[in-house]
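So this block is work22.txt, compact mmCIF, N, CA, C and O atoms:
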# COMPACT_ATOMS: atom_id res chain seq x y z
N LEU A 27 -37.51 -93.86 91.62
CA LEU A 27 -38.25 -94.40 92.75
C LEU A 27 -38.85 -95.75 92.36
O LEU A 27 -39.49 -95.87 91.32
N VAL A 28 -38.60 -96.75 93.17
CA VAL A 28 -39.15 -98.08 92.93
C VAL A 28 -40.29 -98.32 93.91
O VAL A 28 -40.10 -98.35 95.11
N ARG A 29 -41.48 -98.46 93.36
CA ARG A 29 -42.65 -98.77 94.18
C ARG A 29 -43.01 -100.24 94.08
O ARG A 29 -43.41 -100.85 95.05
N ILE A 30 -42.85 -100.80 92.88
CA ILE A 30 -43.16 -102.21 92.65
C ILE A 30 -41.96 -102.86 91.99
O ILE A 30 -41.49 -102.40 90.96
N ALA A 31 -41.46 -103.93 92.60
CA ALA A 31 -40.34 -104.68 92.04
C ALA A 31 -40.81 -106.09 91.72
O ALA A 31 -41.57 -106.70 92.47
N ALA A 32 -40.35 -106.60 90.59
CA ALA A 32 -40.63 -107.98 90.19
C ALA A 32 -39.31 -108.75 90.27
O ALA A 32 -38.26 -108.21 89.96
N LEU A 33 -39.38 -110.01 90.68
CA LEU A 33 -38.19 -110.81 90.86
C LEU A 33 -38.38 -112.18 90.25
O LEU A 33 -39.41 -112.82 90.46
N CYS A 34 -37.36 -112.63 89.50
CA CYS A 34 -37.38 -113.97 88.93
C CYS A 34 -35.97 -114.54 89.04
O CYS A 34 -35.05 -114.00 88.45
N GLY A 35 -35.82 -115.61 89.80
CA GLY A 35 -34.55 -116.33 89.83
C GLY A 35 -34.47 -117.17 88.57
O GLY A 35 -35.31 -118.02 88.34
N GLY A 36 -33.48 -116.92 87.74
CA GLY A 36 -33.38 -117.63 86.47
C GLY A 36 -33.82 -116.74 85.33
O GLY A 36 -33.91 -115.52 85.47
N ALA A 37 -34.10 -117.36 84.20
CA ALA A 37 -34.47 -116.61 82.99
C ALA A 37 -35.86 -116.02 83.13
O ALA A 37 -36.82 -116.73 83.39
N GLY A 38 -35.97 -114.70 82.94
CA GLY A 38 -37.23 -114.03 83.18
C GLY A 38 -37.91 -113.41 81.97
O GLY A 38 -38.95 -112.78 82.11
N SER A 39 -37.35 -113.62 80.78
CA SER A 39 -37.93 -112.98 79.59
C SER A 39 -39.38 -113.37 79.36
O SER A 39 -40.19 -112.53 78.96
N SER A 40 -39.72 -114.62 79.62
CA SER A 40 -41.10 -115.06 79.38
C SER A 40 -42.09 -114.41 80.33
O SER A 40 -43.30 -114.39 80.07
N LEU A 41 -41.58 -113.86 81.44
CA LEU A 41 -42.46 -113.21 82.42
C LEU A 41 -42.65 -111.72 82.15
O LEU A 41 -43.40 -111.06 82.86
N TRP A 42 -41.98 -111.19 81.12
CA TRP A 42 -42.04 -109.77 80.84
C TRP A 42 -43.47 -109.24 80.73
O TRP A 42 -43.77 -108.19 81.30
N PRO A 43 -44.40 -109.91 80.04
CA PRO A 43 -45.77 -109.38 79.97
C PRO A 43 -46.40 -109.21 81.36
O PRO A 43 -47.09 -108.22 81.61
N GLU A 44 -46.15 -110.15 82.27
CA GLU A 44 -46.71 -110.06 83.62
C GLU A 44 -46.05 -108.93 84.42
O GLU A 44 -46.71 -108.24 85.19
N VAL A 45 -44.75 -108.75 84.22
CA VAL A 45 -44.03 -107.66 84.88
C VAL A 45 -44.62 -106.32 84.45
O VAL A 45 -44.91 -105.45 85.26
N LEU A 46 -44.82 -106.17 83.17
CA LEU A 46 -45.39 -104.94 82.62
C LEU A 46 -46.82 -104.74 83.11
O LEU A 46 -47.18 -103.64 83.55
N ALA A 47 -47.62 -105.80 83.09
CA ALA A 47 -49.02 -105.70 83.53
C ALA A 47 -49.12 -105.36 85.02
O ALA A 47 -50.07 -104.69 85.44
N ALA A 48 -48.14 -105.80 85.80
CA ALA A 48 -48.15 -105.51 87.24
C ALA A 48 -47.73 -104.08 87.55
O ALA A 48 -47.84 -103.63 88.69
N GLY A 49 -47.23 -103.39 86.54
CA GLY A 49 -46.81 -102.01 86.76
C GLY A 49 -45.48 -101.91 87.50
O GLY A 49 -45.22 -100.91 88.18
N ALA A 50 -44.63 -102.93 87.35
CA ALA A 50 -43.35 -102.92 88.06
C ALA A 50 -42.45 -101.79 87.57
O ALA A 50 -42.42 -101.47 86.38
N ASP A 51 -41.72 -101.21 88.50
CA ASP A 51 -40.73 -100.18 88.19
C ASP A 51 -39.35 -100.80 88.01
O ASP A 51 -38.46 -100.18 87.42
N LEU A 52 -39.17 -102.01 88.55
CA LEU A 52 -37.89 -102.70 88.54
C LEU A 52 -38.12 -104.18 88.32
O LEU A 52 -39.03 -104.76 88.92
N PHE A 53 -37.29 -104.79 87.49
CA PHE A 53 -37.35 -106.23 87.26
C PHE A 53 -35.95 -106.80 87.48
O PHE A 53 -35.02 -106.47 86.76
N VAL A 54 -35.83 -107.63 88.51
CA VAL A 54 -34.57 -108.30 88.82
C VAL A 54 -34.71 -109.75 88.35
O VAL A 54 -35.63 -110.45 88.76
N THR A 55 -33.79 -110.20 87.51
CA THR A 55 -33.87 -111.53 86.94
C THR A 55 -32.48 -112.12 86.75
O THR A 55 -31.48 -111.41 86.81
N GLY A 56 -32.44 -113.41 86.50
CA GLY A 56 -31.17 -114.09 86.29
C GLY A 56 -30.72 -114.03 84.85
O GLY A 56 -29.56 -114.32 84.55
N GLU A 57 -31.61 -113.67 83.97
CA GLU A 57 -31.26 -113.57 82.55
C GLU A 57 -32.39 -112.87 81.82
O GLU A 57 -33.57 -113.13 82.09
N ILE A 58 -32.05 -112.03 80.88
CA ILE A 58 -33.07 -111.32 80.10
C ILE A 58 -32.61 -111.24 78.65
O ILE A 58 -31.44 -111.05 78.37
N LYS A 59 -33.53 -111.44 77.74
CA LYS A 59 -33.21 -111.32 76.32
C LYS A 59 -32.99 -109.85 75.96
O LYS A 59 -33.62 -108.96 76.55
N HIS A 60 -32.14 -109.64 74.98
CA HIS A 60 -31.83 -108.28 74.55
C HIS A 60 -33.10 -107.54 74.11
O HIS A 60 -33.31 -106.38 74.48
N SER A 61 -33.95 -108.22 73.36
CA SER A 61 -35.17 -107.56 72.87
C SER A 61 -36.09 -107.16 74.03
O SER A 61 -36.71 -106.10 73.99
N VAL A 62 -36.16 -107.98 75.05
CA VAL A 62 -36.99 -107.66 76.22
C VAL A 62 -36.36 -106.51 76.99
O VAL A 62 -37.06 -105.62 77.49
N ALA A 63 -35.04 -106.49 77.07
CA ALA A 63 -34.35 -105.38 77.74
C ALA A 63 -34.66 -104.06 77.03
O ALA A 63 -34.88 -103.03 77.68
N ARG A 64 -34.71 -104.09 75.72
CA ARG A 64 -35.06 -102.87 74.96
C ARG A 64 -36.50 -102.46 75.21
O ARG A 64 -36.82 -101.27 75.31
N GLU A 65 -37.41 -103.44 75.32
CA GLU A 65 -38.80 -103.13 75.62
C GLU A 65 -38.92 -102.51 77.01
O GLU A 65 -39.67 -101.55 77.20
N ALA A 66 -38.17 -103.05 77.96
CA ALA A 66 -38.18 -102.50 79.32
C ALA A 66 -37.65 -101.08 79.32
O ALA A 66 -38.21 -100.20 79.99
N GLU A 67 -36.60 -100.85 78.56
CA GLU A 67 -36.03 -99.51 78.46
C GLU A 67 -37.07 -98.52 77.92
O GLU A 67 -37.26 -97.44 78.48
N ALA A 68 -37.77 -98.94 76.89
CA ALA A 68 -38.80 -98.08 76.29
C ALA A 68 -39.97 -97.84 77.24
O ALA A 68 -40.58 -96.77 77.22
N ALA A 69 -40.25 -98.83 78.09
CA ALA A 69 -41.36 -98.72 79.03
C ALA A 69 -40.96 -98.01 80.32
O ALA A 69 -41.80 -97.77 81.18
N GLY A 70 -39.67 -97.72 80.48
CA GLY A 70 -39.20 -97.05 81.70
C GLY A 70 -39.07 -97.97 82.90
O GLY A 70 -39.10 -97.53 84.05
N VAL A 71 -38.91 -99.27 82.64
CA VAL A 71 -38.74 -100.25 83.71
C VAL A 71 -37.25 -100.55 83.85
O VAL A 71 -36.59 -100.94 82.89
N ALA A 72 -36.72 -100.36 85.04
CA ALA A 72 -35.31 -100.65 85.29
C ALA A 72 -35.10 -102.16 85.37
O ALA A 72 -35.96 -102.89 85.86
N LEU A 73 -33.95 -102.62 84.88
CA LEU A 73 -33.62 -104.04 84.88
C LEU A 73 -32.34 -104.31 85.64
O LEU A 73 -31.40 -103.52 85.56
N VAL A 74 -32.30 -105.45 86.31
CA VAL A 74 -31.06 -105.98 86.87
C VAL A 74 -30.97 -107.42 86.37
O VAL A 74 -31.81 -108.24 86.70
N ASP A 75 -29.97 -107.68 85.53
CA ASP A 75 -29.69 -109.04 85.05
C ASP A 75 -28.58 -109.57 85.93
O ASP A 75 -27.40 -109.35 85.68
N ALA A 76 -28.94 -110.28 87.00
CA ALA A 76 -27.99 -110.67 88.03
C ALA A 76 -27.34 -112.03 87.78
O ALA A 76 -26.49 -112.45 88.56
N GLY A 77 -27.74 -112.73 86.75
CA GLY A 77 -27.16 -114.04 86.44
C GLY A 77 -27.88 -115.17 87.15
O GLY A 77 -28.42 -115.01 88.24
N HIS A 78 -27.88 -116.33 86.49
CA HIS A 78 -28.55 -117.50 87.05
C HIS A 78 -27.97 -117.90 88.41
O HIS A 78 -28.72 -118.15 89.35
N PHE A 79 -26.66 -118.01 88.49
CA PHE A 79 -26.04 -118.49 89.72
C PHE A 79 -26.42 -117.62 90.90
O PHE A 79 -26.82 -118.13 91.96
N ARG A 80 -26.32 -116.32 90.76
CA ARG A 80 -26.58 -115.40 91.88
C ARG A 80 -28.06 -115.29 92.24
O ARG A 80 -28.40 -114.92 93.36
N THR A 81 -28.95 -115.61 91.31
CA THR A 81 -30.38 -115.53 91.64
C THR A 81 -30.98 -116.87 92.04
O THR A 81 -32.02 -116.91 92.69
N GLU A 82 -30.33 -117.96 91.67
CA GLU A 82 -30.87 -119.28 92.00
C GLU A 82 -30.19 -119.92 93.20
O GLU A 82 -30.82 -120.64 93.97
N ARG A 83 -28.91 -119.68 93.38
CA ARG A 83 -28.14 -120.33 94.44
C ARG A 83 -28.70 -120.08 95.85
O ARG A 83 -28.70 -121.01 96.67
N PRO A 84 -29.18 -118.88 96.17
CA PRO A 84 -29.65 -118.65 97.54
C PRO A 84 -30.81 -119.55 97.97
O PRO A 84 -31.00 -119.79 99.17
N VAL A 85 -31.56 -120.09 97.04
CA VAL A 85 -32.72 -120.91 97.42
C VAL A 85 -32.36 -122.38 97.65
O VAL A 85 -33.15 -123.13 98.21
N VAL A 86 -31.14 -122.78 97.27
CA VAL A 86 -30.77 -124.19 97.38
C VAL A 86 -30.88 -124.69 98.82
O VAL A 86 -31.46 -125.74 99.08
N ARG A 87 -30.34 -123.96 99.77
CA ARG A 87 -30.42 -124.38 101.18
C ARG A 87 -31.86 -124.38 101.68
O ARG A 87 -32.26 -125.23 102.48
N VAL A 88 -32.65 -123.43 101.23
CA VAL A 88 -34.05 -123.34 101.64
C VAL A 88 -34.81 -124.59 101.17
O VAL A 88 -35.57 -125.20 101.93
N VAL A 89 -34.57 -124.97 99.91
CA VAL A 89 -35.23 -126.16 99.37
C VAL A 89 -34.74 -127.41 100.10
O VAL A 89 -35.53 -128.30 100.44
N ARG A 90 -33.44 -127.49 100.36
CA ARG A 90 -32.88 -128.63 101.10
C ARG A 90 -33.57 -128.78 102.46
O ARG A 90 -34.03 -129.86 102.83
N ASP A 91 -33.65 -127.67 103.20
CA ASP A 91 -34.26 -127.71 104.53
C ASP A 91 -35.73 -128.08 104.47
O ASP A 91 -36.23 -128.84 105.30
N PHE A 92 -36.43 -127.55 103.48
CA PHE A 92 -37.85 -127.90 103.30
C PHE A 92 -38.01 -129.39 103.04
O PHE A 92 -38.86 -130.05 103.65
N LEU A 93 -37.19 -129.93 102.14
CA LEU A 93 -37.29 -131.35 101.82
C LEU A 93 -36.96 -132.23 103.02
O LEU A 93 -37.59 -133.26 103.24
N ARG A 94 -35.97 -131.82 103.81
CA ARG A 94 -35.64 -132.57 105.02
C ARG A 94 -36.82 -132.59 106.00
O ARG A 94 -37.17 -133.64 106.55
N ARG A 95 -37.42 -131.41 106.21
CA ARG A 95 -38.56 -131.33 107.14
C ARG A 95 -39.73 -132.16 106.63
O ARG A 95 -40.38 -132.89 107.39
N ARG A 96 -40.03 -132.04 105.36
CA ARG A 96 -41.18 -132.75 104.78
C ARG A 96 -40.97 -134.26 104.82
O ARG A 96 -41.88 -135.00 105.17
N ALA A 97 -39.77 -134.70 104.46
CA ALA A 97 -39.48 -136.13 104.51
C ALA A 97 -39.59 -136.65 105.94
O ALA A 97 -40.16 -137.72 106.18
N GLY A 98 -39.06 -135.88 106.89
CA GLY A 98 -39.15 -136.27 108.30
C GLY A 98 -40.59 -136.37 108.77
O GLY A 98 -40.97 -137.30 109.49
N ALA A 99 -41.40 -135.40 108.37
CA ALA A 99 -42.81 -135.38 108.77
C ALA A 99 -43.56 -136.59 108.20
O ALA A 99 -44.52 -137.07 108.80
N LEU A 100 -43.11 -137.07 107.05
CA LEU A 100 -43.76 -138.23 106.42
C LEU A 100 -43.16 -139.55 106.90
O LEU A 100 -43.60 -140.62 106.49
N GLY A 101 -42.13 -139.45 107.76
CA GLY A 101 -41.49 -140.65 108.27
C GLY A 101 -40.54 -141.31 107.28
O GLY A 101 -40.19 -142.47 107.43
N TRP A 102 -40.14 -140.58 106.28
CA TRP A 102 -39.22 -141.13 105.28
C TRP A 102 -37.78 -141.04 105.77
O TRP A 102 -37.39 -140.03 106.36
N GLU A 103 -37.00 -142.04 105.51
CA GLU A 103 -35.58 -142.00 105.82
C GLU A 103 -34.84 -141.62 104.54
O GLU A 103 -34.46 -142.47 103.74
N VAL A 104 -34.69 -140.31 104.35
CA VAL A 104 -34.09 -139.78 103.14
C VAL A 104 -32.97 -138.83 103.53
O VAL A 104 -33.12 -138.03 104.46
N VAL A 105 -31.87 -138.94 102.82
CA VAL A 105 -30.76 -138.01 103.03
C VAL A 105 -30.85 -136.94 101.94
O VAL A 105 -30.84 -137.26 100.75
N VAL A 106 -30.96 -135.70 102.36
CA VAL A 106 -31.04 -134.58 101.41
C VAL A 106 -29.86 -133.67 101.69
O VAL A 106 -29.71 -133.16 102.80
N GLU A 107 -29.03 -133.48 100.69
CA GLU A 107 -27.85 -132.63 100.83
C GLU A 107 -27.87 -131.56 99.73
O GLU A 107 -28.48 -131.75 98.69
N ALA A 108 -27.19 -130.48 100.00
CA ALA A 108 -27.02 -129.42 99.00
C ALA A 108 -25.55 -129.35 98.64
O ALA A 108 -24.69 -129.30 99.52
N PHE A 109 -25.25 -129.37 97.37
CA PHE A 109 -23.87 -129.26 96.91
C PHE A 109 -23.43 -127.81 97.10
O PHE A 109 -24.00 -126.89 96.52
N GLU A 110 -22.43 -127.61 97.93
CA GLU A 110 -22.01 -126.26 98.32
C GLU A 110 -20.79 -125.75 97.55
O GLU A 110 -20.42 -124.59 97.69
N ASP A 111 -20.13 -126.60 96.78
CA ASP A 111 -18.86 -126.21 96.17
C ASP A 111 -18.95 -125.76 94.72
O ASP A 111 -17.93 -125.61 94.06
N GLU A 112 -20.14 -125.58 94.21
CA GLU A 112 -20.29 -125.15 92.83
C GLU A 112 -19.83 -123.70 92.68
O GLU A 112 -20.34 -122.81 93.36
N PRO A 113 -18.89 -123.45 91.80
CA PRO A 113 -18.44 -122.06 91.60
C PRO A 113 -19.34 -121.33 90.61
O PRO A 113 -19.98 -121.95 89.75
N ASP A 114 -19.39 -120.03 90.75
CA ASP A 114 -20.10 -119.19 89.79
C ASP A 114 -19.31 -119.26 88.47
O ASP A 114 -18.13 -118.96 88.45
N PRO A 115 -19.94 -119.67 87.37
CA PRO A 115 -19.19 -119.76 86.11
C PRO A 115 -18.78 -118.39 85.56
O PRO A 115 -17.89 -118.31 84.73
N PHE A 116 -19.42 -117.34 86.03
CA PHE A 116 -19.07 -115.99 85.59
C PHE A 116 -18.30 -115.31 86.72
O PHE A 116 -18.84 -114.61 87.55
N ARG A 117 -17.03 -115.56 86.74
CA ARG A 117 -16.18 -114.99 87.77
C ARG A 117 -14.89 -114.50 87.12
O ARG A 117 -14.52 -114.94 86.04
N LEU A 118 -14.20 -113.65 87.81
CA LEU A 118 -12.91 -113.19 87.32
C LEU A 118 -11.90 -114.29 87.51
O LEU A 118 -11.90 -115.00 88.50
N TRP A 119 -11.04 -114.44 86.55
CA TRP A 119 -9.98 -115.44 86.69
C TRP A 119 -8.72 -114.90 86.04
O TRP A 119 -8.74 -114.00 85.22
N THR A 120 -7.63 -115.47 86.47
CA THR A 120 -6.35 -115.11 85.89
C THR A 120 -5.63 -116.40 85.51
O THR A 120 -5.86 -117.46 86.10
N SER A 121 -4.80 -116.31 84.54
CA SER A 121 -4.02 -117.50 84.16
C SER A 121 -2.57 -117.26 84.54
O SER A 121 -2.06 -116.15 84.46
N ALA A 122 -1.95 -118.31 85.00
CA ALA A 122 -0.53 -118.21 85.37
C ALA A 122 0.30 -118.35 84.10
O ALA A 122 0.15 -119.30 83.35
N ARG A 123 1.11 -117.36 83.85
CA ARG A 123 1.97 -117.41 82.65
C ARG A 123 3.40 -117.30 83.04
O ARG A 123 3.79 -116.66 83.92
Using structure tokens, write down the structure that the file contains.
Amino acid sequence: LVRIAALCGGAGSSLWPEVLAAGADLFVTGEIKHSVAREAEAAGVALVDAGHFRTERPVVRVVRDFLRRRAGALGWEVVVEAFEDEPDPFRLWTSAR
């Protein structure tokens, strides 16, 4: 049963003390050190190491839209774009032989 979940897009090992102090039952992060994973295991905290790409990519459009709105509100003529074609570096691939 998960009552409290902690979330970190990107590397979350440095946040482990706060996750533990918050009483989290689950920690979802983009990267976790092996030693921290063992500490979580001993503490009974479930981990999901979802990778940097999958935990950081969803916010790119949100940040783009925020920057567009903020620049517009300030009267700035700024073009803000999000690069959409970046592939996940951890993907299945095959080689043609």
Next on the checklist: I'd like to know which residues of chain A are alpha helix (DSSP H) (by DSSP, run on the backbone); could you write them as a VMD selection string?
Outcome noted: chain A and resid 42 to 47 60 to 69 78 to 82 84 to 99
Checklist entry - In Å, with one decimal, what is the gap from atom CA of Phe116 of chain A to atom CA of Val88 of chain A? => result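 Straight-line distance from atom CA of Phe116 of chain A to atom CA of Val88 of chain A works out to 23.2 Å.
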Checklist entry - Taking into account only C-alpha atoms, which residue in the set A:Trp102, A:Leu46, A:Arg96, A:Val86 is nearest to Glu67 of chain A? => result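 Comparing A:Trp102, A:Leu46, A:Arg96, A:Val86 against Glu67 of chain A, the winner is A:Leu46.
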Next on the checklist: Considering all atoms listed in the file, can you say which of A:Gly56, A:Gly38, A:Pro115, A:Gly101 comes closest to Glu82 of chain A?
Outcome noted: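 That would be A:Gly56, the residue with the smallest distance to Glu82 of chain A.
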Next on the checklist: As an exercise, work out the distance from atom CA of Arg117 of chain A to atom CA of Val45 of chain A in Å and give it to one decimal place.
Outcome noted: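 So the answer is 28.9 Å.
For the residues A:Ala37, A:Ala68, A:Ala99, A:Ala32, ranking by smallest atom-to-atom distance to Leu52 of chain A using only C-alpha atoms places A:Ala32 first.
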Checklist entry - DSSP on the backbone: what in chain A comes out strand (DSSP E), as a PyMOL selection string? => result chain A and resi 31-37+52-57+72-75
Checklist entry - Of the candidates A:Leu118, A:Ile30, A:Arg94, A:Glu112, which one gets nearest to Asp51 of chain A if we count only C-alpha atoms? => result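 For Asp51 of chain A, the nearest of the given residues is A:Ile30.
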